[in-house]
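A.B. asks: If it helps, the file is called coords_3.csv and holds CSV, C-alpha atoms:
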```
chain,number,residue,atom,x,y,z
V,7,MET,CA,-12.7,37.5,20.1
V,8,LYS,CA,-11.0,34.1,19.9
V,9,HIS,CA,-10.1,32.5,16.6
V,10,ARG,CA,-12.5,29.7,15.9
V,11,ILE,CA,-11.1,26.5,14.5
V,12,VAL,CA,-13.6,23.9,13.5
V,13,VAL,CA,-12.5,20.3,12.6
V,14,LEU,CA,-15.0,18.2,10.6
V,15,GLY,CA,-14.6,14.6,11.4
V,16,ALA,CA,-12.7,12.7,14.2
V,17,GLY,CA,-11.2,9.8,12.4
V,18,TYR,CA,-7.4,9.3,12.2
V,19,ALA,CA,-6.8,12.6,10.4
V,20,GLY,CA,-9.3,14.8,12.2
V,21,ALA,CA,-8.5,13.6,15.7
V,22,TYR,CA,-4.8,13.9,15.0
V,23,VAL,CA,-5.0,17.5,13.7
V,24,ALA,CA,-7.4,18.7,16.5
V,25,GLY,CA,-5.2,17.3,19.3
V,26,ASN,CA,-2.0,18.8,17.9
V,27,LEU,CA,-3.5,22.2,17.4
V,28,ALA,CA,-4.8,22.2,20.9
V,29,ARG,CA,-1.3,21.5,22.2
V,30,ARG,CA,0.4,24.1,20.1
V,31,LEU,CA,-2.0,27.1,20.1
V,32,SER,CA,-2.8,29.1,23.1
V,33,PRO,CA,-6.4,28.7,24.4
V,34,GLU,CA,-6.4,32.4,25.2
V,35,ASP,CA,-6.5,33.1,21.5
V,36,THR,CA,-8.2,30.1,20.0
V,37,GLU,CA,-11.2,27.7,20.5
V,38,ILE,CA,-11.2,24.4,18.8
V,39,THR,CA,-14.4,22.5,18.0
V,40,VAL,CA,-14.6,18.9,16.6
V,41,VAL,CA,-17.8,17.8,14.9
V,42,ASN,CA,-18.3,14.1,14.6
V,43,ALA,CA,-21.4,12.0,13.9
V,44,VAL,CA,-20.7,9.2,16.3
V,45,PRO,CA,-19.4,9.4,20.0
V,46,HIS,CA,-16.6,6.8,19.5
V,47,PHE,CA,-13.3,6.9,17.7
V,48,VAL,CA,-13.5,4.3,15.0
V,49,GLN,CA,-10.4,2.2,14.2
V,50,ARG,CA,-11.3,2.0,10.6
V,51,MET,CA,-8.2,-0.1,9.7
V,52,ARG,CA,-9.6,-2.8,12.1
V,53,MET,CA,-13.1,-3.0,10.8
V,54,PRO,CA,-12.5,-6.3,8.9
V,55,GLN,CA,-11.6,-7.8,12.3
V,56,VAL,CA,-14.9,-6.4,13.8
V,57,ALA,CA,-16.8,-8.0,10.9
V,58,ALA,CA,-15.0,-11.3,11.4
V,59,GLY,CA,-16.2,-11.4,15.0
V,60,GLN,CA,-13.3,-10.0,17.0
V,61,GLU,CA,-13.5,-7.4,19.7
V,62,VAL,CA,-11.9,-4.1,18.8
V,63,GLU,CA,-11.7,-1.1,21.1
V,64,ALA,CA,-13.7,2.0,20.4
V,65,PRO,CA,-12.7,4.8,22.8
V,66,LEU,CA,-15.2,7.5,23.6
V,67,LEU,CA,-14.2,10.8,21.9
V,68,ALA,CA,-15.2,12.6,25.1
V,69,ASP,CA,-12.4,10.7,26.9
V,70,VAL,CA,-10.0,11.2,24.0
V,71,PHE,CA,-10.3,15.0,24.2
V,72,ALA,CA,-10.7,15.3,27.9
V,73,GLY,CA,-8.3,17.9,29.3
V,74,THR,CA,-7.4,19.3,25.9
V,75,GLY,CA,-9.8,22.2,25.8
V,76,ILE,CA,-11.3,20.8,22.6
V,77,ARG,CA,-15.1,21.1,22.3
V,78,LEU,CA,-16.8,18.0,20.9
V,79,ARG,CA,-20.0,18.4,19.0
V,80,LEU,CA,-21.8,15.1,18.2
V,81,ALA,CA,-23.6,16.0,15.0
V,82,ARG,CA,-23.8,15.2,11.3
V,83,VAL,CA,-22.4,17.7,8.8
V,84,THR,CA,-25.0,18.6,6.2
V,85,ALA,CA,-23.4,21.6,4.4
V,86,VAL,CA,-20.4,23.9,4.2
V,87,ASP,CA,-20.7,27.5,3.1
V,88,PRO,CA,-17.1,28.8,2.8
V,89,LEU,CA,-18.3,32.3,1.6
V,90,ARG,CA,-20.2,32.9,4.8
V,91,GLN,CA,-17.7,30.7,6.8
V,92,VAL,CA,-20.4,28.5,8.4
V,93,VAL,CA,-21.0,24.8,8.7
V,94,THR,CA,-24.5,23.4,9.0
V,95,VAL,CA,-24.9,20.4,11.3
V,96,ALA,CA,-27.9,18.3,12.4
V,97,ALA,CA,-28.4,15.6,15.0
V,98,ALA,CA,-26.8,12.3,13.8
V,99,ASP,CA,-30.2,10.6,13.7
V,100,ALA,CA,-32.1,13.5,12.2
V,101,ASP,CA,-33.7,13.3,8.8
V,102,GLY,CA,-33.2,15.9,6.2
V,103,GLU,CA,-30.4,18.4,5.5
V,104,GLY,CA,-31.3,21.3,7.8
V,105,GLY,CA,-29.9,22.1,11.2
V,106,GLU,CA,-27.8,24.5,13.2
V,107,GLU,CA,-25.0,26.7,11.8
V,108,LEU,CA,-21.5,26.8,13.3
V,109,GLY,CA,-19.3,29.7,12.4
V,110,TYR,CA,-15.5,29.3,11.9
V,111,ASP,CA,-12.4,31.3,11.1
V,112,THR,CA,-10.3,28.3,10.1
V,113,LEU,CA,-12.0,25.1,8.9
V,114,VAL,CA,-10.3,21.6,8.8
V,115,TYR,CA,-12.2,19.3,6.5
V,116,ALA,CA,-11.6,15.7,7.5
V,117,LEU,CA,-14.9,13.9,6.7
V,118,GLY,CA,-13.1,10.9,5.2
V,119,SER,CA,-14.7,8.5,2.7
V,120,ARG,CA,-17.5,6.0,2.3
V,121,VAL,CA,-18.0,3.0,0.0
V,122,ALA,CA,-18.1,3.7,-3.7
V,123,ASP,CA,-20.6,1.5,-5.6
V,124,HIS,CA,-19.3,2.7,-9.1
V,125,GLY,CA,-22.9,2.6,-10.3
V,126,VAL,CA,-23.1,-1.2,-10.0
V,127,PRO,CA,-26.7,-2.2,-9.6
V,128,GLY,CA,-27.7,-3.8,-6.2
V,129,VAL,CA,-24.7,-2.7,-4.2
V,130,ALA,CA,-26.7,-0.3,-2.0
V,131,GLU,CA,-29.5,-2.8,-1.5
V,132,HIS,CA,-27.7,-6.1,-1.1
V,133,ALA,CA,-24.0,-5.6,-0.2
V,134,PHE,CA,-22.3,-5.2,3.1
V,135,ASP,CA,-19.3,-3.0,3.7
V,136,VAL,CA,-16.7,-2.3,6.4
V,137,THR,CA,-16.3,1.4,6.2
V,138,GLY,CA,-17.6,2.0,9.7
V,139,ARG,CA,-18.4,0.2,12.9
V,140,PRO,CA,-22.2,0.0,12.4
V,141,SER,CA,-21.8,-1.5,8.9
V,142,ALA,CA,-19.1,-3.9,10.1
V,143,LEU,CA,-21.4,-5.1,13.0
V,144,ARG,CA,-24.3,-5.7,10.5
V,145,LEU,CA,-22.0,-7.9,8.5
V,146,ARG,CA,-20.9,-9.7,11.7
V,147,GLU,CA,-24.5,-10.4,12.5
V,148,ARG,CA,-25.0,-12.0,9.1
V,149,LEU,CA,-21.8,-14.1,9.4
V,150,ASP,CA,-22.9,-15.2,12.9
V,151,ARG,CA,-26.1,-16.7,11.5
V,152,LEU,CA,-24.2,-18.4,8.7
V,153,SER,CA,-21.6,-19.8,11.1
V,154,ARG,CA,-24.0,-21.5,13.5
V,155,PRO,CA,-23.3,-25.2,14.2
V,156,GLY,CA,-24.3,-27.3,11.2
V,157,GLY,CA,-24.5,-24.2,9.1
V,158,ASN,CA,-22.4,-23.0,6.2
V,159,GLY,CA,-22.5,-20.3,3.6
V,160,ASN,CA,-20.8,-18.5,0.8
V,161,VAL,CA,-19.2,-15.1,1.3
V,162,VAL,CA,-18.1,-13.1,-1.7
V,163,VAL,CA,-15.7,-10.1,-1.2
V,164,VAL,CA,-15.6,-7.8,-4.1
V,165,GLY,CA,-12.4,-5.7,-4.4
V,166,ASP,CA,-8.8,-6.6,-4.2
V,167,GLY,CA,-7.4,-3.5,-2.5
V,168,LEU,CA,-6.0,-3.7,1.0
V,169,THR,CA,-9.5,-3.6,2.6
V,170,GLY,CA,-10.7,-6.5,0.4
V,171,ILE,CA,-7.7,-8.6,1.1
V,172,GLU,CA,-7.9,-8.1,4.8
V,173,THR,CA,-11.7,-8.7,4.9
V,174,ALA,CA,-11.4,-12.0,3.0
V,175,THR,CA,-8.5,-13.4,5.0
V,176,GLU,CA,-9.9,-12.3,8.4
V,177,ILE,CA,-13.3,-13.9,7.7
V,178,ALA,CA,-11.7,-17.0,6.3
V,179,GLU,CA,-9.5,-17.5,9.4
V,180,SER,CA,-12.1,-16.6,12.0
V,181,ARG,CA,-15.0,-18.5,10.4
V,182,PRO,CA,-13.6,-21.6,8.7
V,183,ARG,CA,-17.1,-23.0,8.1
V,184,LEU,CA,-17.7,-20.4,5.5
V,185,SER,CA,-16.6,-20.5,1.9
V,186,VAL,CA,-14.9,-17.2,1.0
V,187,THR,CA,-14.3,-15.9,-2.5
V,188,LEU,CA,-12.3,-12.8,-3.3
V,189,ILE,CA,-13.0,-11.1,-6.7
V,190,ALA,CA,-10.1,-9.1,-8.1
V,191,ARG,CA,-10.6,-6.8,-11.0
V,192,GLY,CA,-6.9,-7.2,-12.1
V,193,GLU,CA,-4.0,-9.3,-10.8
V,194,LEU,CA,-4.2,-10.0,-7.0
V,195,GLY,CA,-1.7,-7.7,-5.2
V,196,ALA,CA,-0.6,-6.0,-8.4
V,197,ARG,CA,1.1,-3.1,-6.6
V,198,LEU,CA,3.2,-5.5,-4.5
V,199,SER,CA,6.6,-7.0,-5.3
V,200,ALA,CA,6.8,-10.4,-6.8
V,201,GLY,CA,7.8,-11.9,-3.5
V,202,ALA,CA,4.9,-10.3,-1.6
V,203,ARG,CA,2.4,-11.3,-4.3
V,204,GLY,CA,3.6,-14.9,-4.0
V,205,HIS,CA,3.2,-14.7,-0.2
V,206,LEU,CA,-0.3,-13.3,-0.6
V,207,ARG,CA,-1.3,-16.1,-2.9
V,208,ARG,CA,0.0,-18.7,-0.5
V,209,ALA,CA,-1.8,-17.1,2.4
V,210,CYS,CA,-5.1,-17.2,0.5
V,211,ASP,CA,-4.5,-20.9,-0.4
V,212,ARG,CA,-3.7,-21.7,3.2
V,213,LEU,CA,-6.9,-20.0,4.4
V,214,GLY,CA,-9.1,-21.5,1.7
V,215,VAL,CA,-9.9,-18.2,0.0
V,216,THR,CA,-10.8,-18.7,-3.7
V,217,VAL,CA,-9.4,-15.8,-5.8
V,218,LEU,CA,-11.0,-14.8,-9.1
V,219,GLU,CA,-8.7,-12.5,-10.9
V,220,HIS,CA,-9.4,-10.2,-13.9
V,221,THR,CA,-13.1,-10.4,-13.0
V,222,SER,CA,-15.6,-7.5,-13.1
V,223,VAL,CA,-19.0,-7.5,-11.3
V,224,ALA,CA,-22.0,-6.5,-13.3
V,225,ALA,CA,-24.6,-6.6,-10.5
V,226,VAL,CA,-25.2,-7.7,-6.9
V,227,GLU,CA,-28.3,-9.6,-6.1
V,228,ALA,CA,-29.8,-10.9,-2.9
V,229,ALA,CA,-28.3,-14.3,-3.1
V,230,ARG,CA,-25.7,-14.1,-5.9
V,231,VAL,CA,-23.1,-11.9,-7.6
V,232,ARG,CA,-23.3,-11.6,-11.4
V,233,CYS,CA,-20.0,-11.1,-13.2
V,234,ALA,CA,-19.5,-9.2,-16.4
V,235,ASP,CA,-18.6,-12.5,-18.3
V,236,GLY,CA,-22.0,-13.9,-17.5
V,237,THR,CA,-21.1,-16.2,-14.6
V,238,ALA,CA,-23.0,-16.0,-11.4
V,239,LEU,CA,-21.6,-16.8,-7.9
V,240,ALA,CA,-23.9,-17.9,-5.1
V,241,SER,CA,-23.5,-15.5,-2.1
V,242,ASP,CA,-25.1,-15.5,1.3
V,243,ALA,CA,-23.1,-12.3,2.2
V,244,THR,CA,-21.6,-10.0,-0.4
V,245,VAL,CA,-19.0,-7.6,1.0
V,246,TRP,CA,-18.3,-4.6,-1.3
V,247,THR,CA,-14.7,-3.2,-0.9
V,248,ALA,CA,-14.2,-2.1,-4.5
V,249,GLY,CA,-13.1,1.5,-3.8
V,250,PHE,CA,-14.1,4.5,-1.7
V,251,ALA,CA,-15.6,7.9,-2.4
V,252,VAL,CA,-16.0,11.2,-0.6
V,253,THR,CA,-19.3,12.9,0.1
V,254,SER,CA,-20.6,15.7,-2.1
V,255,ILE,CA,-20.6,18.3,0.7
V,256,ALA,CA,-17.4,20.1,-0.4
V,257,ALA,CA,-18.4,20.3,-4.0
V,258,ALA,CA,-21.9,21.5,-3.1
V,259,GLY,CA,-20.4,24.2,-0.9
V,260,GLY,CA,-18.4,25.6,-3.8
V,261,LEU,CA,-14.9,24.4,-2.8
V,262,GLU,CA,-12.7,23.5,-5.8
V,263,VAL,CA,-12.7,19.7,-6.0
V,264,THR,CA,-11.5,17.0,-8.4
V,265,GLY,CA,-13.8,14.8,-10.4
V,266,THR,CA,-13.9,12.4,-7.5
V,267,GLY,CA,-15.0,15.2,-5.1
V,268,GLN,CA,-11.7,15.5,-3.2
V,269,ILE,CA,-10.7,19.0,-2.2
V,270,VAL,CA,-7.9,20.5,-4.3
V,271,VAL,CA,-5.2,22.0,-2.1
V,272,ASP,CA,-1.7,23.6,-2.3
V,273,ARG,CA,1.4,22.1,-0.8
V,274,THR,CA,0.3,23.1,2.7
V,275,MET,CA,-3.1,21.4,2.5
V,276,ARG,CA,-4.9,24.7,2.1
V,277,SER,CA,-7.8,24.9,-0.4
V,278,VAL,CA,-6.8,26.6,-3.6
V,279,SER,CA,-10.2,28.3,-3.8
V,280,HIS,CA,-10.9,29.2,-0.1
V,281,PRO,CA,-7.7,29.9,1.9
V,282,ASN,CA,-9.2,29.5,5.3
V,283,VAL,CA,-10.2,25.9,4.6
V,284,TYR,CA,-7.7,23.0,5.0
V,285,ALA,CA,-8.4,19.4,3.9
V,286,VAL,CA,-6.7,16.3,5.3
V,287,GLY,CA,-7.1,12.5,5.0
V,288,ASP,CA,-9.3,10.9,2.4
V,289,SER,CA,-11.0,14.2,1.7
V,290,VAL,CA,-8.0,15.8,0.1
V,291,HIS,CA,-6.4,15.4,-3.3
V,292,VAL,CA,-2.7,16.1,-3.0
V,293,VAL,CA,0.3,15.1,-5.0
V,294,GLY,CA,3.0,13.5,-2.9
V,295,ASP,CA,6.8,14.0,-3.1
V,296,HIS,CA,7.0,11.1,-5.6
V,297,GLY,CA,4.8,12.9,-8.1
V,298,GLN,CA,1.7,10.8,-7.6
V,299,PRO,CA,-1.5,11.5,-5.7
V,300,LEU,CA,-1.4,10.1,-2.2
V,301,PRO,CA,-3.8,7.2,-1.8
V,302,MET,CA,-6.7,7.1,0.7
V,303,SER,CA,-5.0,5.5,3.7
V,304,CYS,CA,-4.3,5.9,7.4
V,305,ALA,CA,-0.7,6.8,6.5
V,306,SER,CA,-1.9,9.6,4.2
V,307,ALA,CA,-4.1,10.9,7.0
V,308,GLY,CA,-1.0,11.3,9.1
V,309,TYR,CA,1.2,13.0,6.5
V,310,THR,CA,-1.5,15.4,5.3
V,311,GLY,CA,-2.5,16.1,8.9
V,312,ARG,CA,1.0,16.9,9.9
V,313,GLN,CA,1.4,19.4,7.0
V,314,ALA,CA,-1.9,21.1,7.8
V,315,ILE,CA,-0.9,21.5,11.4
V,316,GLU,CA,2.4,23.1,10.5
V,317,ALA,CA,0.6,25.4,8.0
V,318,ILE,CA,-2.2,26.5,10.4
V,319,VAL,CA,0.1,27.1,13.3
V,320,GLY,CA,2.6,29.0,11.1
V,321,ARG,CA,0.0,31.2,9.5
V,322,LEU,CA,-1.9,32.0,12.7
V,323,THR,CA,1.3,32.8,14.7
V,324,GLY,CA,3.2,34.5,11.9
V,325,ARG,CA,6.0,31.9,11.9
V,326,ARG,CA,7.8,30.1,9.1
V,327,ILE,CA,5.8,27.3,7.6
V,328,VAL,CA,7.6,24.0,7.6
V,329,HIS,CA,7.1,21.7,4.6
V,330,THR,CA,6.7,18.2,5.9
V,331,ARG,CA,7.1,15.0,4.0
V,332,LEU,CA,4.3,13.8,1.7
V,333,VAL,CA,5.3,10.3,0.9
V,334,HIS,CA,3.9,6.8,0.3
V,335,THR,CA,6.6,4.6,1.8
V,336,TYR,CA,4.8,1.3,2.6
V,337,ASN,CA,1.6,-0.7,2.8
V,338,HIS,CA,0.8,-3.0,5.7
V,339,ILE,CA,-1.7,-5.8,5.2
V,340,SER,CA,-3.2,-8.2,7.7
V,341,LEU,CA,-3.7,-11.8,6.5
V,342,GLY,CA,-5.5,-13.0,9.6
V,343,ARG,CA,-4.1,-12.8,13.1
V,344,ARG,CA,-0.8,-14.7,12.5
V,345,ASP,CA,0.2,-13.5,9.1
V,346,GLY,CA,0.8,-10.2,7.3
V,347,ILE,CA,2.8,-8.3,4.7
V,348,LEU,CA,4.7,-5.0,5.0
V,349,GLN,CA,5.6,-3.8,1.5
V,350,THR,CA,8.0,-0.9,1.2
V,351,PHE,CA,8.1,1.5,-1.8
V,352,ASP,CA,10.9,3.6,-3.3
V,353,GLU,CA,10.8,7.4,-3.9
V,354,GLU,CA,9.0,6.9,-7.2
V,355,GLY,CA,6.2,4.9,-5.5
V,356,ARG,CA,7.4,1.5,-6.9
V,357,ALA,CA,7.4,-1.6,-4.7
V,358,LYS,CA,10.8,-2.6,-3.5
V,359,PRO,CA,11.8,-6.2,-3.9
V,360,ARG,CA,12.1,-6.8,-0.2
V,361,TYR,CA,9.1,-7.3,2.0
V,362,TYR,CA,8.3,-8.5,5.5
V,363,GLY,CA,5.8,-11.4,5.7
V,364,GLY,CA,4.5,-14.1,8.0
V,365,ARG,CA,4.5,-13.6,11.7
V,366,GLU,CA,7.0,-10.7,11.4
V,367,GLY,CA,4.6,-8.9,9.0
V,368,ALA,CA,1.7,-9.6,11.4
V,369,ARG,CA,3.7,-8.2,14.4
V,370,ILE,CA,4.6,-5.0,12.5
V,371,LYS,CA,1.0,-4.5,11.5
V,372,ALA,CA,-0.2,-5.0,15.0
V,373,TRP,CA,2.4,-2.5,16.3
V,374,ILE,CA,1.2,0.1,13.7
V,375,LEU,CA,-2.4,-0.4,14.8
V,376,ARG,CA,-1.5,0.0,18.5
V,377,MET,CA,0.5,3.1,17.9
V,378,ALA,CA,-2.2,4.7,15.7
V,379,LEU,CA,-4.7,4.1,18.5
V,380,TRP,CA,-2.3,5.3,21.2
V,381,ALA,CA,-1.5,8.5,19.3
V,382,THR,CA,-5.2,9.2,19.0
V,383,ARG,CA,-5.9,8.5,22.6
V,384,HIS,CA,-3.1,10.8,23.7
V,385,PRO,CA,-3.6,13.7,21.2
V,386,THR,CA,-1.4,16.2,23.0
V,387,TYR,CA,1.5,14.0,24.1
V,388,GLY,CA,5.1,14.5,23.1
V,389,LEU,CA,4.8,17.9,21.4
V,390,PRO,CA,6.3,21.3,22.4
V,391,ARG,CA,4.6,22.4,25.7
V,392,ARG,CA,4.7,26.0,24.7
V,393,ARG,CA,1.3,27.1,23.3
V,394,ARG,CA,1.9,29.9,20.9
V,395,ARG,CA,-0.1,33.1,20.8
V,396,LEU,CA,-1.6,34.3,17.6
V,397,ALA,CA,0.0,37.1,15.7
V,398,ALA,CA,-1.6,40.4,16.7
V,399,GLY,CA,-4.5,41.0,14.3
V,400,ALA,CA,-2.9,39.1,11.5
V,401,ALA,CA,-5.1,36.0,11.5
V,402,GLN,CA,-8.4,37.7,11.5
V,403,SER,CA,-7.6,40.4,9.0
V,404,SER,CA,-5.8,38.1,6.5
V,405,TYR,CA,-8.5,35.4,6.5
V,406,HIS,CA,-11.4,37.8,6.3
V,407,SER,CA,-9.8,39.5,3.3
V,408,GLY,CA,-9.5,36.1,1.6
V,409,VAL,CA,-5.7,35.9,1.7
V,410,ALA,CA,-3.6,34.3,4.4
V,411,THR,CA,-0.2,35.8,5.0
V,412,VAL,CA,2.7,33.3,4.8
V,413,ARG,CA,6.1,34.3,6.3
V,414,GLY,CA,9.0,32.6,4.7
V,415,SER,CA,9.2,30.0,2.0
V,416,GLY,CA,9.1,27.0,4.2
V,417,ALA,CA,11.8,24.5,5.1
V,418,GLY,CA,12.7,21.2,3.5
V,419,PRO,CA,11.1,17.9,4.4
V,420,ALA,CA,10.5,17.3,8.1
V,421,PRO,CA,10.2,13.9,9.8
V,422,GLY,CA,7.0,12.2,9.0
V,423,PRO,CA,4.0,12.1,11.5
V,424,GLY,CA,3.7,9.7,14.3
V,425,LEU,CA,0.5,8.5,12.9
V,426,THR,CA,0.9,5.8,10.2
```
Mind converting the file's structure to structure tokens?

C.D. replies:
Amino acid sequence: MKHRIVVLGAGYAGAYVAGNLARRLSPEDTEITVVNAVPHFVQRMRMPQVAAGQEVEAPLLADVFAGTGIRLRLARVTAVDPLRQVVTVAAADADGEGGEELGYDTLVYALGSRVADHGVPGVAEHAFDVTGRPSALRLRERLDRLSRPGGNGNVVVVGDGLTGIETATEIAESRPRLSVTLIARGELGARLSAGARGHLRRACDRLGVTVLEHTSVAAVEAARVRCADGTALASDATVWTAGFAVTSIAAAGGLEVTGTGQIVVDRTMRSVSHPNVYAVGDSVHVVGDHGQPLPMSCASAGYTGRQAIEAIVGRLTGRRIVHTRLVHTYNHISLGRRDGILQTFDEEGRAKPRYYGGREGARIKAWILRMALWATRHPTYGLPRRRRRLAAGAAQSSYHSGVATVRGSGAGPAPGPGLT
């Protein structure tokens, strides 16, 4: 009987892990199934561009996985039962939580994140978001109506993280008729170096983005945003980017999670409560080499995915498990199509004084986006051609007993993943 590997989610992390496992493990011993709710690969980092009205490629996952041996199941994950080693799935457009069960021997949990409303009234009813392609397209439709000849409107972007900054600047550049306001809970670009913060402010001034710092939102209404200090901002389109959260599926299934719902793992991305479950990307809580939790980001998807791949291959084939790097080395921020910032960080996670900005920063960001898409569309390229057989009887017996055998203590840091 083949060892069944099920990957939940085909975003940056899930697609990366599935493709690499298909390349490195023999199909004679393993079968890999990817479960995803939509048929396309979503370039989540580029959803602000989609909302602003730009065309962004969305490759079919069937094409991405063609020739890899990976089975694609288009379905919505409704539950995980790690004791019985099954996942419950339903049709993406089906109502309710029921559905069909898929069994697994190794599970890779990569369901990503969604918008977090933090309990603020009106966010669910009145705010737009850019966490996925459908929601970004809904926002684009609203902006299209506001941008018609002779028209104008007010757009309020809540949240000063990377997504909020990119959303505000992309909309302001692509739709100059609109008035764009960015609400920052603290100082704009607080984690950036002084030079990068200055560059960001100048970019917002150049694009006409009004920035309100040290401002909290108390409620979102149909045509305005109410702030905690009592002021109200007229808004024809409110975009909520004030943080992200994971679903409750892992917690409901009995996996050990943090207070935010992220799965708690060891250094190899393996669940500390259920050893045949691995978590990667936004779904995982892991402390990086600098002693701080890795942020939800595409870069973290690559680093956590790389470590999970090494651990799964090592354990299933009885080989030494390599410890790859878990680092937060830089942030890349788009400020429209002709400007950007690349901010590097030191080993302690602090911003370095030097940054890359302007057209150079934009070119670097564009290259990163192209490479992330290319790596996803070529999931088995550039890896060792030898597909390793599973260790005789080791994988099945160790997992079903609840303990996975690890040979060797692991090596030092390996080069980071190709996905950034």

A.B. asks: What does the distance between CA of Leu143 (chain V) and CA of Gly287 (chain V) come to in Å, to one decimal place?

C.D. replies: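 Going from CA of Leu143 (chain V) over to CA of Gly287 (chain V), I get 24.0 Å.
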
A.B. asks: Smallest atom-to-atom distance to Arg207 (chain V): which of V:Val40, V:Val13, V:Ile347, V:Ile76, using all atoms listed in the file?

C.D. replies: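 Smallest separation from Arg207 (chain V) among the options: V:Ile347.
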
A.B. asks: Point out the residue among V:Asp288, V:Glu366, V:Glu219, V:Glu172 with the least atom-to-atom distance to Val121 (chain V), counting all atoms listed in the file.

C.D. replies: V:Asp288

A.B. asks: What does the distance between CA of Tyr110 (chain V) and CA of Asp35 (chain V) come to in Å, to one decimal place?

C.D. replies: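 Separation of CA of Tyr110 (chain V) and CA of Asp35 (chain V): 13.7 Å.
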
A.B. asks: Smallest atom-to-atom distance to Ala229 (chain V): which of V:Arg344, V:Arg212, V:His132, V:Arg148, using all atoms listed in the file?

C.D. replies: V:His132

A.B. asks: From the set V:Ala243, V:Ala98, V:Ala256, V:Ala178, which residue has the shortest atom-to-atom contact distance to Arg151 (chain V), counting only C-alpha atoms?

C.D. replies: V:Ala243

A.B. asks: What separation in Å, quoted to one decimal, exists between CA of Val263 (chain V) and CA of Gly109 (chain V)?

C.D. replies: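 Separation between CA of Val263 (chain V) and CA of Gly109 (chain V): 22.0 Å.
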
A.B. asks: In terms of the shortest atom-to-atom distance over all atoms listed in the file, which of V:Gly118, V:Gly59, V:Gly214, V:Gly167 is closest to Leu149 (chain V)?

C.D. replies: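 With all atoms listed in the file as the atom set, the closest residue is V:Gly59.
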
A.B. asks: When you count only C-alpha atoms, which of these residues is closest to Leu348 (chain V): V:Thr310, V:Leu184, V:Leu168, V:Arg376?

C.D. replies: V:Leu168

A.B. asks: The residues within 12 Å of (-20.7, -3.5, 12.2), using only C-alpha atoms and the coordinates of the file, should be reported as a PyMOL selection string; which are they?

C.D. replies: chain V and resi 48-50+52-62+134-150

A.B. asks: Do you know which residues are at most 9 Å from Glu227 (chain V) counting all atoms listed in the file, after dropping those on the same chain fewer than 6 positions away, and could you put them as a list in words?

C.D. replies: Pro127, Gly128, Val129, Glu131, His132, Ala133, Ser241 and Thr244 of chain V
